[in-house]
file my_file24.cif (mmCIF, N, CA and C atoms)
data_query
#
loop_
_atom_site.label_atom_id
_atom_site.label_comp_id
_atom_site.auth_asym_id
_atom_site.auth_seq_id
_atom_site.Cartn_x
_atom_site.Cartn_y
_atom_site.Cartn_z
N MET L 193 10.70 -56.76 -42.62
CA MET L 193 9.60 -56.90 -43.55
C MET L 193 8.25 -57.01 -42.82
N LYS L 194 8.26 -57.75 -41.71
CA LYS L 194 7.01 -57.92 -40.97
C LYS L 194 6.51 -56.59 -40.42
N ARG L 195 7.42 -55.79 -39.89
CA ARG L 195 7.05 -54.49 -39.33
C ARG L 195 6.51 -53.56 -40.44
N PHE L 196 7.19 -53.53 -41.59
CA PHE L 196 6.75 -52.71 -42.72
C PHE L 196 5.35 -53.12 -43.18
N THR L 197 5.13 -54.43 -43.28
CA THR L 197 3.84 -54.94 -43.72
C THR L 197 2.75 -54.57 -42.72
N LYS L 198 3.04 -54.71 -41.44
CA LYS L 198 2.05 -54.38 -40.41
C LYS L 198 1.70 -52.89 -40.44
N ILE L 199 2.70 -52.05 -40.51
CA ILE L 199 2.45 -50.60 -40.53
C ILE L 199 1.72 -50.21 -41.81
N SER L 200 2.12 -50.76 -42.94
CA SER L 200 1.43 -50.48 -44.21
C SER L 200 -0.03 -50.91 -44.12
N SER L 201 -0.26 -52.06 -43.54
CA SER L 201 -1.63 -52.57 -43.38
C SER L 201 -2.45 -51.66 -42.49
N GLN L 202 -1.87 -51.23 -41.38
CA GLN L 202 -2.58 -50.34 -40.47
C GLN L 202 -2.92 -49.01 -41.15
N ILE L 203 -1.98 -48.47 -41.89
CA ILE L 203 -2.21 -47.21 -42.60
C ILE L 203 -3.33 -47.38 -43.62
N PHE L 204 -3.31 -48.49 -44.34
CA PHE L 204 -4.35 -48.74 -45.34
C PHE L 204 -5.73 -48.86 -44.69
N VAL L 205 -5.81 -49.56 -43.58
CA VAL L 205 -7.10 -49.69 -42.88
C VAL L 205 -7.58 -48.32 -42.40
N VAL L 206 -6.68 -47.51 -41.87
CA VAL L 206 -7.06 -46.17 -41.40
C VAL L 206 -7.53 -45.30 -42.56
N ILE L 207 -6.81 -45.32 -43.68
CA ILE L 207 -7.23 -44.52 -44.85
C ILE L 207 -8.60 -44.96 -45.33
N SER L 208 -8.81 -46.26 -45.42
CA SER L 208 -10.12 -46.77 -45.85
C SER L 208 -11.20 -46.34 -44.85
N GLY L 209 -10.91 -46.50 -43.57
CA GLY L 209 -11.87 -46.11 -42.55
C GLY L 209 -12.22 -44.63 -42.61
N LEU L 210 -11.21 -43.80 -42.81
CA LEU L 210 -11.46 -42.35 -42.91
C LEU L 210 -12.29 -42.01 -44.14
N ALA L 211 -12.13 -42.76 -45.21
CA ALA L 211 -12.95 -42.54 -46.41
C ALA L 211 -14.42 -42.79 -46.08
N PHE L 212 -14.70 -43.90 -45.39
CA PHE L 212 -16.09 -44.19 -45.01
C PHE L 212 -16.61 -43.19 -43.99
N LEU L 213 -15.76 -42.79 -43.06
CA LEU L 213 -16.17 -41.80 -42.06
C LEU L 213 -16.51 -40.47 -42.71
N SER L 214 -15.69 -40.03 -43.64
CA SER L 214 -15.94 -38.72 -44.26
C SER L 214 -17.27 -38.69 -45.02
N VAL L 215 -17.55 -39.75 -45.77
CA VAL L 215 -18.83 -39.81 -46.48
C VAL L 215 -19.97 -39.96 -45.47
N GLY L 216 -19.74 -40.75 -44.43
CA GLY L 216 -20.77 -40.93 -43.42
C GLY L 216 -21.14 -39.63 -42.71
N LEU L 217 -20.13 -38.87 -42.33
CA LEU L 217 -20.40 -37.59 -41.67
C LEU L 217 -21.06 -36.60 -42.63
N MET L 218 -20.62 -36.60 -43.89
CA MET L 218 -21.24 -35.72 -44.87
C MET L 218 -22.71 -36.10 -45.04
N ALA L 219 -23.01 -37.39 -45.08
CA ALA L 219 -24.40 -37.83 -45.26
C ALA L 219 -25.25 -37.50 -44.03
N PHE L 220 -24.68 -37.61 -42.84
CA PHE L 220 -25.43 -37.21 -41.65
C PHE L 220 -25.74 -35.73 -41.67
N TRP L 221 -24.74 -34.94 -42.04
CA TRP L 221 -24.89 -33.49 -42.02
C TRP L 221 -25.76 -33.00 -43.18
N SER L 222 -25.46 -33.49 -44.39
CA SER L 222 -26.17 -33.03 -45.58
C SER L 222 -26.30 -34.16 -46.60
N PRO L 223 -27.36 -34.94 -46.50
CA PRO L 223 -27.53 -36.03 -47.46
C PRO L 223 -27.51 -35.55 -48.91
N GLN L 224 -28.03 -34.36 -49.14
CA GLN L 224 -28.05 -33.84 -50.51
C GLN L 224 -26.64 -33.62 -51.04
N ALA L 225 -25.70 -33.23 -50.18
CA ALA L 225 -24.31 -33.01 -50.61
C ALA L 225 -23.71 -34.30 -51.16
N VAL L 226 -24.05 -35.43 -50.53
CA VAL L 226 -23.55 -36.72 -51.02
C VAL L 226 -24.15 -37.00 -52.40
N MET L 227 -25.42 -36.77 -52.54
CA MET L 227 -26.08 -37.09 -53.81
C MET L 227 -25.75 -36.09 -54.91
N ASP L 228 -25.33 -34.90 -54.53
CA ASP L 228 -24.88 -33.93 -55.53
C ASP L 228 -23.66 -34.45 -56.31
N LEU L 229 -22.88 -35.32 -55.69
CA LEU L 229 -21.71 -35.90 -56.35
C LEU L 229 -22.10 -36.70 -57.59
N VAL L 230 -23.34 -37.22 -57.61
CA VAL L 230 -23.81 -38.00 -58.75
C VAL L 230 -25.06 -37.37 -59.38
N ALA L 231 -25.27 -36.09 -59.12
CA ALA L 231 -26.35 -35.31 -59.74
C ALA L 231 -27.74 -35.92 -59.51
N VAL L 232 -28.03 -36.32 -58.27
CA VAL L 232 -29.34 -36.85 -57.92
C VAL L 232 -29.96 -35.92 -56.89
N GLN L 233 -31.20 -35.53 -57.13
CA GLN L 233 -31.91 -34.66 -56.20
C GLN L 233 -32.76 -35.48 -55.24
N LEU L 234 -32.63 -35.18 -53.96
CA LEU L 234 -33.47 -35.79 -52.94
C LEU L 234 -34.66 -34.86 -52.71
N THR L 235 -35.84 -35.34 -53.04
CA THR L 235 -36.99 -34.43 -53.07
C THR L 235 -37.97 -34.60 -51.91
N ASN L 236 -37.67 -35.52 -50.98
CA ASN L 236 -38.58 -35.68 -49.84
C ASN L 236 -37.80 -36.19 -48.62
N ASN L 237 -38.45 -36.12 -47.48
CA ASN L 237 -37.78 -36.50 -46.23
C ASN L 237 -37.43 -37.99 -46.17
N ASP L 238 -38.21 -38.84 -46.82
CA ASP L 238 -37.88 -40.26 -46.86
C ASP L 238 -36.57 -40.48 -47.61
N ALA L 239 -36.36 -39.75 -48.69
CA ALA L 239 -35.11 -39.86 -49.45
C ALA L 239 -33.93 -39.36 -48.61
N LEU L 240 -34.12 -38.23 -47.95
CA LEU L 240 -33.06 -37.70 -47.08
C LEU L 240 -32.72 -38.68 -45.97
N SER L 241 -33.75 -39.26 -45.36
CA SER L 241 -33.56 -40.22 -44.28
C SER L 241 -32.84 -41.47 -44.78
N SER L 242 -33.19 -41.93 -45.96
CA SER L 242 -32.56 -43.13 -46.52
C SER L 242 -31.07 -42.92 -46.78
N ILE L 243 -30.71 -41.76 -47.30
CA ILE L 243 -29.29 -41.48 -47.57
C ILE L 243 -28.54 -41.29 -46.25
N ARG L 244 -29.18 -40.64 -45.28
CA ARG L 244 -28.55 -40.51 -43.95
C ARG L 244 -28.25 -41.89 -43.38
N GLY L 245 -29.18 -42.81 -43.55
CA GLY L 245 -28.98 -44.16 -43.01
C GLY L 245 -28.00 -44.97 -43.83
N ALA L 246 -28.22 -45.01 -45.15
CA ALA L 246 -27.41 -45.88 -46.01
C ALA L 246 -25.97 -45.40 -46.12
N TYR L 247 -25.77 -44.11 -46.23
CA TYR L 247 -24.41 -43.59 -46.34
C TYR L 247 -23.87 -43.12 -44.99
N GLY L 248 -24.72 -42.46 -44.21
CA GLY L 248 -24.28 -41.93 -42.93
C GLY L 248 -24.11 -43.02 -41.89
N GLY L 249 -25.19 -43.70 -41.56
CA GLY L 249 -25.14 -44.72 -40.54
C GLY L 249 -24.22 -45.88 -40.90
N VAL L 250 -24.32 -46.35 -42.12
CA VAL L 250 -23.47 -47.47 -42.54
C VAL L 250 -22.00 -47.04 -42.62
N GLY L 251 -21.74 -45.85 -43.16
CA GLY L 251 -20.36 -45.38 -43.27
C GLY L 251 -19.69 -45.24 -41.91
N ILE L 252 -20.41 -44.69 -40.95
CA ILE L 252 -19.85 -44.53 -39.61
C ILE L 252 -19.70 -45.90 -38.94
N THR L 253 -20.64 -46.80 -39.17
CA THR L 253 -20.52 -48.16 -38.63
C THR L 253 -19.30 -48.86 -39.21
N LEU L 254 -19.06 -48.71 -40.51
CA LEU L 254 -17.87 -49.30 -41.12
C LEU L 254 -16.60 -48.75 -40.48
N PHE L 255 -16.57 -47.44 -40.26
CA PHE L 255 -15.41 -46.82 -39.62
C PHE L 255 -15.16 -47.42 -38.23
N ILE L 256 -16.20 -47.50 -37.42
CA ILE L 256 -16.07 -48.04 -36.06
C ILE L 256 -15.63 -49.51 -36.12
N SER L 257 -16.21 -50.27 -37.03
CA SER L 257 -15.84 -51.68 -37.17
C SER L 257 -14.39 -51.84 -37.59
N LEU L 258 -13.94 -50.99 -38.50
CA LEU L 258 -12.54 -51.05 -38.94
C LEU L 258 -11.59 -50.68 -37.81
N LEU L 259 -11.97 -49.71 -36.98
CA LEU L 259 -11.13 -49.37 -35.82
C LEU L 259 -10.99 -50.56 -34.88
N PHE L 260 -12.10 -51.24 -34.62
CA PHE L 260 -12.06 -52.42 -33.76
C PHE L 260 -11.17 -53.49 -34.38
N LEU L 261 -11.38 -53.79 -35.66
CA LEU L 261 -10.57 -54.81 -36.33
C LEU L 261 -9.10 -54.41 -36.39
N LEU L 262 -8.84 -53.14 -36.57
CA LEU L 262 -7.47 -52.65 -36.61
C LEU L 262 -6.74 -53.00 -35.31
N LYS L 263 -7.41 -52.85 -34.20
CA LYS L 263 -6.80 -53.11 -32.90
C LYS L 263 -6.74 -54.60 -32.56
N LYS L 264 -7.75 -55.34 -32.96
CA LYS L 264 -7.87 -56.73 -32.51
C LYS L 264 -7.51 -57.77 -33.57
N HIS L 265 -7.84 -57.50 -34.84
CA HIS L 265 -7.72 -58.51 -35.89
C HIS L 265 -7.35 -57.85 -37.22
N LEU L 266 -6.12 -57.41 -37.34
CA LEU L 266 -5.68 -56.68 -38.53
C LEU L 266 -5.90 -57.48 -39.80
N SER L 267 -5.60 -58.75 -39.78
CA SER L 267 -5.76 -59.60 -40.97
C SER L 267 -7.22 -59.66 -41.41
N GLN L 268 -8.13 -59.74 -40.44
CA GLN L 268 -9.55 -59.75 -40.77
C GLN L 268 -10.01 -58.41 -41.32
N ALA L 269 -9.43 -57.33 -40.83
CA ALA L 269 -9.76 -56.01 -41.37
C ALA L 269 -9.38 -55.94 -42.85
N LEU L 270 -8.21 -56.47 -43.18
CA LEU L 270 -7.76 -56.45 -44.57
C LEU L 270 -8.65 -57.31 -45.46
N LEU L 271 -9.02 -58.49 -44.98
CA LEU L 271 -9.88 -59.36 -45.77
C LEU L 271 -11.25 -58.72 -45.95
N PHE L 272 -11.77 -58.11 -44.88
CA PHE L 272 -13.05 -57.41 -44.96
C PHE L 272 -12.98 -56.29 -46.00
N LEU L 273 -11.89 -55.51 -45.99
CA LEU L 273 -11.75 -54.41 -46.95
C LEU L 273 -11.59 -54.94 -48.37
N CYS L 274 -10.91 -56.05 -48.53
CA CYS L 274 -10.78 -56.65 -49.86
C CYS L 274 -12.16 -56.99 -50.42
N ILE L 275 -12.98 -57.62 -49.59
CA ILE L 275 -14.33 -57.97 -50.02
C ILE L 275 -15.16 -56.72 -50.30
N LEU L 276 -15.10 -55.76 -49.39
CA LEU L 276 -15.89 -54.54 -49.52
C LEU L 276 -15.52 -53.75 -50.77
N TRP L 277 -14.22 -53.48 -50.96
CA TRP L 277 -13.79 -52.71 -52.12
C TRP L 277 -14.07 -53.48 -53.41
N SER L 278 -13.91 -54.81 -53.38
CA SER L 278 -14.20 -55.63 -54.56
C SER L 278 -15.67 -55.56 -54.95
N LEU L 279 -16.54 -55.60 -53.95
CA LEU L 279 -17.98 -55.53 -54.25
C LEU L 279 -18.40 -54.15 -54.74
N TYR L 280 -17.76 -53.10 -54.23
CA TYR L 280 -18.01 -51.78 -54.80
C TYR L 280 -17.64 -51.76 -56.28
N ALA L 281 -16.46 -52.27 -56.61
CA ALA L 281 -16.01 -52.30 -58.00
C ALA L 281 -16.93 -53.18 -58.84
N LEU L 282 -17.31 -54.33 -58.30
CA LEU L 282 -18.22 -55.23 -59.02
C LEU L 282 -19.55 -54.55 -59.32
N SER L 283 -20.06 -53.77 -58.37
CA SER L 283 -21.33 -53.08 -58.61
C SER L 283 -21.22 -52.11 -59.78
N ARG L 284 -20.07 -51.48 -59.93
CA ARG L 284 -19.87 -50.57 -61.06
C ARG L 284 -19.75 -51.35 -62.37
N LEU L 285 -19.08 -52.49 -62.32
CA LEU L 285 -18.97 -53.33 -63.53
C LEU L 285 -20.33 -53.86 -63.95
N ILE L 286 -21.16 -54.23 -62.98
CA ILE L 286 -22.51 -54.67 -63.31
C ILE L 286 -23.29 -53.53 -63.97
N THR L 287 -23.11 -52.32 -63.44
CA THR L 287 -23.79 -51.16 -64.02
C THR L 287 -23.35 -50.95 -65.47
N ILE L 288 -22.07 -51.09 -65.74
CA ILE L 288 -21.57 -50.95 -67.11
C ILE L 288 -22.21 -52.01 -68.00
N TYR L 289 -22.26 -53.24 -67.53
CA TYR L 289 -22.81 -54.35 -68.30
C TYR L 289 -24.31 -54.17 -68.54
N VAL L 290 -25.04 -53.80 -67.50
CA VAL L 290 -26.51 -53.73 -67.58
C VAL L 290 -26.98 -52.40 -68.17
N ASN L 291 -26.35 -51.29 -67.78
CA ASN L 291 -26.86 -49.97 -68.12
C ASN L 291 -26.01 -49.17 -69.08
N GLY L 292 -24.80 -49.58 -69.31
CA GLY L 292 -23.92 -48.84 -70.21
C GLY L 292 -22.81 -48.13 -69.46
N SER L 293 -22.05 -47.37 -70.20
CA SER L 293 -20.82 -46.78 -69.66
C SER L 293 -21.10 -45.80 -68.52
N LEU L 294 -20.09 -45.67 -67.67
CA LEU L 294 -20.14 -44.76 -66.54
C LEU L 294 -19.61 -43.39 -66.94
N GLY L 295 -19.93 -42.39 -66.14
CA GLY L 295 -19.35 -41.07 -66.33
C GLY L 295 -17.98 -41.00 -65.67
N ASP L 296 -17.40 -39.82 -65.66
CA ASP L 296 -16.07 -39.64 -65.07
C ASP L 296 -16.03 -40.04 -63.60
N PHE L 297 -17.07 -39.68 -62.84
CA PHE L 297 -17.12 -40.01 -61.42
C PHE L 297 -17.08 -41.53 -61.23
N GLY L 298 -17.93 -42.25 -61.95
CA GLY L 298 -17.99 -43.70 -61.83
C GLY L 298 -16.70 -44.39 -62.24
N ILE L 299 -16.11 -43.93 -63.32
CA ILE L 299 -14.84 -44.52 -63.78
C ILE L 299 -13.73 -44.27 -62.76
N GLN L 300 -13.67 -43.04 -62.25
CA GLN L 300 -12.66 -42.71 -61.24
C GLN L 300 -12.79 -43.64 -60.04
N TRP L 301 -14.01 -43.86 -59.58
CA TRP L 301 -14.20 -44.69 -58.40
C TRP L 301 -14.03 -46.17 -58.70
N LEU L 302 -14.33 -46.58 -59.92
CA LEU L 302 -14.05 -47.97 -60.30
C LEU L 302 -12.55 -48.26 -60.21
N VAL L 303 -11.75 -47.31 -60.67
CA VAL L 303 -10.29 -47.47 -60.60
C VAL L 303 -9.83 -47.48 -59.13
N ILE L 304 -10.32 -46.54 -58.33
CA ILE L 304 -9.93 -46.47 -56.92
C ILE L 304 -10.34 -47.73 -56.18
N GLU L 305 -11.58 -48.15 -56.36
CA GLU L 305 -12.08 -49.33 -55.65
C GLU L 305 -11.33 -50.60 -56.07
N SER L 306 -11.04 -50.71 -57.34
CA SER L 306 -10.27 -51.87 -57.83
C SER L 306 -8.86 -51.87 -57.24
N LEU L 307 -8.24 -50.71 -57.26
CA LEU L 307 -6.89 -50.59 -56.71
C LEU L 307 -6.88 -50.91 -55.21
N PHE L 308 -7.85 -50.37 -54.47
CA PHE L 308 -7.92 -50.64 -53.04
C PHE L 308 -8.19 -52.12 -52.77
N SER L 309 -8.97 -52.75 -53.62
CA SER L 309 -9.21 -54.18 -53.47
C SER L 309 -7.92 -54.97 -53.63
N VAL L 310 -7.13 -54.62 -54.62
CA VAL L 310 -5.84 -55.30 -54.86
C VAL L 310 -4.87 -55.03 -53.72
N ILE L 311 -4.84 -53.79 -53.24
CA ILE L 311 -3.96 -53.46 -52.11
C ILE L 311 -4.35 -54.27 -50.88
N ALA L 312 -5.65 -54.32 -50.59
CA ALA L 312 -6.12 -55.07 -49.42
C ALA L 312 -5.77 -56.54 -49.55
N LEU L 313 -5.98 -57.11 -50.72
CA LEU L 313 -5.66 -58.53 -50.92
C LEU L 313 -4.16 -58.78 -50.78
N THR L 314 -3.37 -57.91 -51.37
CA THR L 314 -1.91 -58.06 -51.28
C THR L 314 -1.44 -57.98 -49.84
N LEU L 315 -1.93 -57.01 -49.10
CA LEU L 315 -1.53 -56.88 -47.70
C LEU L 315 -2.02 -58.06 -46.88
N TRP L 316 -3.21 -58.55 -47.17
CA TRP L 316 -3.73 -59.71 -46.45
C TRP L 316 -2.85 -60.93 -46.70
N VAL L 317 -2.49 -61.16 -47.97
CA VAL L 317 -1.62 -62.31 -48.31
C VAL L 317 -0.27 -62.17 -47.62
N LEU L 318 0.31 -60.97 -47.65
CA LEU L 318 1.60 -60.75 -46.99
C LEU L 318 1.50 -61.02 -45.48
N ASN L 319 0.45 -60.51 -44.86
CA ASN L 319 0.27 -60.74 -43.42
C ASN L 319 0.10 -62.22 -43.11
N GLN L 320 -0.67 -62.92 -43.92
CA GLN L 320 -0.87 -64.35 -43.71
C GLN L 320 0.45 -65.10 -43.86
N SER L 321 1.20 -64.76 -44.89
CA SER L 321 2.49 -65.43 -45.13
C SER L 321 3.46 -65.18 -43.99
N LEU L 322 3.55 -63.93 -43.56
CA LEU L 322 4.48 -63.60 -42.48
C LEU L 322 4.06 -64.24 -41.16
N ASN L 323 2.76 -64.32 -40.90
CA ASN L 323 2.29 -64.97 -39.68
C ASN L 323 2.57 -66.47 -39.71
N THR L 324 2.38 -67.09 -40.87
CA THR L 324 2.68 -68.51 -41.02
C THR L 324 4.17 -68.76 -40.83
N LEU L 325 4.98 -67.90 -41.41
CA LEU L 325 6.42 -68.03 -41.27
C LEU L 325 6.86 -67.87 -39.81
N SER L 326 6.29 -66.90 -39.12
CA SER L 326 6.61 -66.70 -37.71
C SER L 326 6.21 -67.90 -36.87
N GLN L 327 5.04 -68.46 -37.13
CA GLN L 327 4.59 -69.62 -36.37
C GLN L 327 5.47 -70.84 -36.67
N SER L 328 5.93 -70.96 -37.90
CA SER L 328 6.83 -72.06 -38.25
C SER L 328 8.14 -71.96 -37.48
N LYS L 329 8.67 -70.75 -37.36
CA LYS L 329 9.91 -70.53 -36.61
C LYS L 329 9.71 -70.87 -35.14
N ILE L 330 8.56 -70.52 -34.59
CA ILE L 330 8.28 -70.83 -33.19
C ILE L 330 8.21 -72.34 -33.00
N SER L 331 7.55 -73.05 -33.90
CA SER L 331 7.44 -74.51 -33.80
C SER L 331 8.80 -75.18 -33.91
N ILE L 332 9.64 -74.70 -34.80
CA ILE L 332 10.96 -75.27 -35.00
C ILE L 332 11.83 -75.09 -33.76
N SER L 333 11.74 -73.92 -33.14
CA SER L 333 12.59 -73.62 -31.99
C SER L 333 12.15 -74.37 -30.74
N GLN L 334 10.95 -74.88 -30.71
CA GLN L 334 10.47 -75.58 -29.52
C GLN L 334 10.88 -76.98 -29.62
#
call {"tool": "encode", "arguments": {"input": "my_file24.cif", "output": "structure tokens"}}
result
Amino acid sequence: MKRFTKISSQIFVVISGLAFLSVGLMAFWSPQAVMDLVAVQLTNNDALSSIRGAYGGVGITLFISLLFLLKKHLSQALLFLCILWSLYALSRLITIYVNGSLGDFGIQWLVIESLFSVIALTLWVLNQSLNTLSQSKISISQ
């Protein structure tokens, strides 16, 4: 069970990281392509630069950070992803509350972000439980 949980956790962190990397690289290459997903036109260089930074720079930074956490602190990577995916979903819920219903794109991502948040939390809890159990066994045997 511990091995399955660890491998599942690693796969989830990699999938999440690749999602941020793909958007980040797309934003670096073509900020307008990212904004075309939500039908927003970038009409000046400041707008292009902002999307390159906010989606490109941040997305690639998230990817690099997740790689580091994957190698050094898997449990922290899962907790970080739980918070991150939850806040993405919360931002969409706030939009629904303040501005009204979302389109198909927003609803699709609300479902994905919510699901990823639950997956991250579940994997984090499993990892914590298994680590606690392992440490208990070590204490008992000493």
call {"tool": "resolve_selection", "arguments": {"input": "my_file24.cif", "expression": "the PyMOL selection byres (((chain L and resi 309 and name CA) around 9) and name CA)", "output": "mmCIF file with N, CA and C atoms, in the frame of the given file"}}
result
data_model
loop_
_atom_site.group_PDB
_atom_site.id
_atom_site.type_symbol
_atom_site.label_atom_id
_atom_site.label_comp_id
_atom_site.auth_asym_id
_atom_site.auth_seq_id
_atom_site.Cartn_x
_atom_site.Cartn_y
_atom_site.Cartn_z
ATOM 1 N N LEU L 273 -11.890 -55.510 -45.990
ATOM 2 C CA LEU L 273 -11.750 -54.410 -46.950
ATOM 3 C C LEU L 273 -11.590 -54.940 -48.370
ATOM 4 N N CYS L 274 -10.910 -56.050 -48.530
ATOM 5 C CA CYS L 274 -10.780 -56.650 -49.860
ATOM 6 C C CYS L 274 -12.160 -56.990 -50.420
ATOM 7 N N ILE L 275 -12.980 -57.620 -49.590
ATOM 8 C CA ILE L 275 -14.330 -57.970 -50.020
ATOM 9 C C ILE L 275 -15.160 -56.720 -50.300
ATOM 10 N N LEU L 276 -15.100 -55.760 -49.390
ATOM 11 C CA LEU L 276 -15.890 -54.540 -49.520
ATOM 12 C C LEU L 276 -15.520 -53.750 -50.770
ATOM 13 N N TRP L 277 -14.220 -53.480 -50.960
ATOM 14 C CA TRP L 277 -13.790 -52.710 -52.120
ATOM 15 C C TRP L 277 -14.070 -53.480 -53.410
ATOM 16 N N SER L 278 -13.910 -54.810 -53.380
ATOM 17 C CA SER L 278 -14.200 -55.630 -54.560
ATOM 18 C C SER L 278 -15.670 -55.560 -54.950
ATOM 19 N N LEU L 279 -16.540 -55.600 -53.950
ATOM 20 C CA LEU L 279 -17.980 -55.530 -54.250
ATOM 21 C C LEU L 279 -18.400 -54.150 -54.740
ATOM 22 N N ALA L 281 -16.460 -52.270 -56.610
ATOM 23 C CA ALA L 281 -16.010 -52.300 -58.000
ATOM 24 C C ALA L 281 -16.930 -53.180 -58.840
ATOM 25 N N ILE L 304 -10.320 -46.540 -58.330
ATOM 26 C CA ILE L 304 -9.930 -46.470 -56.920
ATOM 27 C C ILE L 304 -10.340 -47.730 -56.180
ATOM 28 N N GLU L 305 -11.580 -48.150 -56.360
ATOM 29 C CA GLU L 305 -12.080 -49.330 -55.650
ATOM 30 C C GLU L 305 -11.330 -50.600 -56.070
ATOM 31 N N SER L 306 -11.040 -50.710 -57.340
ATOM 32 C CA SER L 306 -10.270 -51.870 -57.830
ATOM 33 C C SER L 306 -8.860 -51.870 -57.240
ATOM 34 N N LEU L 307 -8.240 -50.710 -57.260
ATOM 35 C CA LEU L 307 -6.890 -50.590 -56.710
ATOM 36 C C LEU L 307 -6.880 -50.910 -55.210
ATOM 37 N N PHE L 308 -7.850 -50.370 -54.470
ATOM 38 C CA PHE L 308 -7.920 -50.640 -53.040
ATOM 39 C C PHE L 308 -8.190 -52.120 -52.770
ATOM 40 N N VAL L 310 -7.130 -54.620 -54.620
ATOM 41 C CA VAL L 310 -5.840 -55.300 -54.860
ATOM 42 C C VAL L 310 -4.870 -55.030 -53.720
ATOM 43 N N ILE L 311 -4.840 -53.790 -53.240
ATOM 44 C CA ILE L 311 -3.960 -53.460 -52.110
ATOM 45 C C ILE L 311 -4.350 -54.270 -50.880
ATOM 46 N N ALA L 312 -5.650 -54.320 -50.590
ATOM 47 C CA ALA L 312 -6.120 -55.070 -49.420
ATOM 48 C C ALA L 312 -5.770 -56.540 -49.550
ATOM 49 N N LEU L 313 -5.980 -57.110 -50.720
ATOM 50 C CA LEU L 313 -5.660 -58.530 -50.920
ATOM 51 C C LEU L 313 -4.160 -58.780 -50.780
ATOM 52 N N THR L 314 -3.370 -57.910 -51.370
ATOM 53 C CA THR L 314 -1.910 -58.060 -51.280
ATOM 54 C C THR L 314 -1.440 -57.980 -49.840
#
call {"tool": "atom_distance", "arguments": {"input": "my_file24.cif", "atom1": "atom C of L:Leu217", "atom2": "atom CA of L:Leu261"}}
result
21.9 Å
call {"tool": "resolve_selection", "arguments": {"input": "my_file24.cif", "expression": "the PyMOL selection byres ((chain L and resi 205) around 8)", "output": "PyMOL selection string"}}
result
chain L and resi 199-204+206-211+258-259+262+269-270+273
call {"tool": "closest_residue", "arguments": {"input": "my_file24.cif", "among": "L:Met227, L:Leu254, L:Ala219, L:Val317", "to": "L:Leu271", "atoms": "only C-alpha atoms"}}
result
L:Val317
call {"tool": "residues_around", "arguments": {"input": "my_file24.cif", "residues": "L:Arg244", "least_positions_apart": "3", "cutoff": "8 Å", "atoms": "all atoms listed in the file", "output": "list in words"}}
result
Gly216, Met218, Ala219, Phe220, Trp221, Ser222, Pro223, Gln224, Asp238, Ala239, Leu240, Ser241, Tyr247, Gly248, Gly249, Val250 and Gly251 of chain L
call {"tool": "select_by_dssp", "arguments": {"input": "my_file24.cif", "residues": "stretch 223-329 of chain L", "states": "alpha helix (DSSP H)", "output": "PyMOL selection string"}}
result
chain L and resi 223-228+237-243+250-264+266-291+296-329
call {"tool": "axis_aligned_box", "arguments": {"input": "my_file24.cif", "around": "stretch 271-289 of chain L", "padding_each_side": "5 Å", "output": "lines of an AutoDock Vina configuration file"}}
result
center_x = -16.7
center_y = -55.0
center_z = -56.7
size_x = 25.3
size_y = 18.8
size_z = 33.7
call {"tool": "atom_distance", "arguments": {"input": "my_file24.cif", "atom1": "atom CA of L:Val232", "atom2": "atom CA of L:Gly298"}}
result
13.8 Å
call {"tool": "atom_distance", "arguments": {"input": "my_file24.cif", "atom1": "atom CA of L:Gly295", "atom2": "atom CA of L:Leu213"}}
result
24.5 Å
